[in-house]
Amino acid sequence: MGRIVHVEIVAEDHDRAAEFYREVFAWEVTPAPVPDGYLLAATGPGEGIDGAIMSSRYQSQPTIAWIEVDDLEASLTAARAAGGTPVGEIQDLPGVGRLSYVRDTEGVLVGLRQRSSASPR
């Protein structure tokens, strides 16, 4: 509970950013099935996490950490009670889980993911 599971790099030109990460770090960047303008970034073998590069038309914060939670609604309620603000609607992404965003007390946007029972670790 509470482990960072994914990081999104937000870019005005996500294709240009993807090329930067390919050239500098040898990341394997491929388009996600949805949404348009969202690229999955495999950062390499071994320990660590993978990420994504997405268009700034979805979010404007430059980097977004994703935290895995057991119960998305309970986490959103707890965030609200602690002074945070849920952002947007809960989304279901097949094979991944239920997703939403929350802003912390300092305005930092954080992604929350409740894994679906069919999604791999």
# chains A, B, ... in the order shown; residues from 1 in each chain; ligands from 1
$ residues_around --residues "A:Gly44" --least-positions-apart "6" --cutoff "10 Å" --atoms "only C-alpha atoms" --output "number ranges by chain"
A: 25-28, 50
$ write_last_selection --atoms "N, CA, C and O atoms" --output "compact mmCIF listing (two decimals), in the first residue's frame"
# COMPACT_ATOMS: atom_id res chain seq x y z
N PHE A 25 18.54 7.89 -22.48
CA PHE A 25 18.45 6.78 -21.53
C PHE A 25 18.11 5.43 -22.16
O PHE A 25 17.96 4.44 -21.46
N ALA A 26 17.96 5.41 -23.48
CA ALA A 26 17.61 4.19 -24.21
C ALA A 26 16.27 3.59 -23.77
O ALA A 26 16.08 2.37 -23.80
N TRP A 27 15.33 4.45 -23.36
CA TRP A 27 14.00 3.97 -23.02
C TRP A 27 13.31 3.47 -24.28
O TRP A 27 13.48 4.04 -25.37
N GLU A 28 12.50 2.44 -24.15
CA GLU A 28 11.67 1.94 -25.24
C GLU A 28 10.30 2.60 -25.09
O GLU A 28 9.57 2.32 -24.15
N ASP A 50 8.56 1.54 -14.54
CA ASP A 50 8.43 2.11 -15.87
C ASP A 50 7.56 3.36 -15.77
O ASP A 50 7.08 3.72 -14.70
$ residues_around --residues "A:Ser55" --least-positions-apart "6" --cutoff "7 Å" --atoms "only C-alpha atoms" --output "VMD selection string"
chain A and resid 10 to 14 37 to 38
$ select_by_dssp --residues "chain A" --states "alpha helix (DSSP H)" --output "ChimeraX atom specification"
/A:14-25,72-81
$ closest_residue --among "A:Gly95, A:Ala65, A:Ser60, A:His6" --to "A:Thr43" --atoms "only C-alpha atoms"
A:His6
$ residues_around --residues "A:Glu89" --least-positions-apart "5" --cutoff "9 Å" --atoms "only C-alpha atoms" --output "PyMOL selection string"
chain A and resi 99-101
$ residues_around --residues "stretch 103-110 of chain A" --least-positions-apart "4" --cutoff "8 Å" --atoms "only C-alpha atoms" --output "JSON, numbers by chain"
{"A": [61, 64, 65, 66, 67, 79, 82, 83, 84, 85, 86, 87]}
$ residues_around --residues "A:Val69" --least-positions-apart "3" --cutoff "10 Å" --atoms "only C-alpha atoms" --output "ChimeraX atom specification"
/A:1-5,66,72-76,98-99,112-115
$ select_by_dssp --residues "chain A" --states "strand (DSSP E)" --output "MDAnalysis selection string"
chainID A and resid 4:11 28:31 38:42 51:55 63:68 85:93 97:103 109:115
$ atom_distance --atom1 "atom CA of A:Ala18" --atom2 "atom CA of A:Ile90"
26.8 Å
$ atom_distance --atom1 "atom CA of A:Gly97" --atom2 "atom CA of A:Tyr21"
26.4 Å
$ atom_distance --atom1 "atom CA of A:Glu47" --atom2 "atom CA of A:Ala32"
22.3 Å
$ closest_residue --among "A:Pro62, A:Pro35, A:Gly46, A:Gly51" --to "A:Gln91" --atoms "only C-alpha atoms"
A:Pro35
$ residues_around --residues "A:Val34" --least-positions-apart "5" --cutoff "12 Å" --atoms "only C-alpha atoms" --output "PyMOL selection string"
chain A and resi 39-40+54+91-94+96
$ closest_residue --among "A:Ile9, A:Ala78, A:Val102, A:Pro33" --to "A:Ile53" --atoms "only C-alpha atoms"
A:Ile9
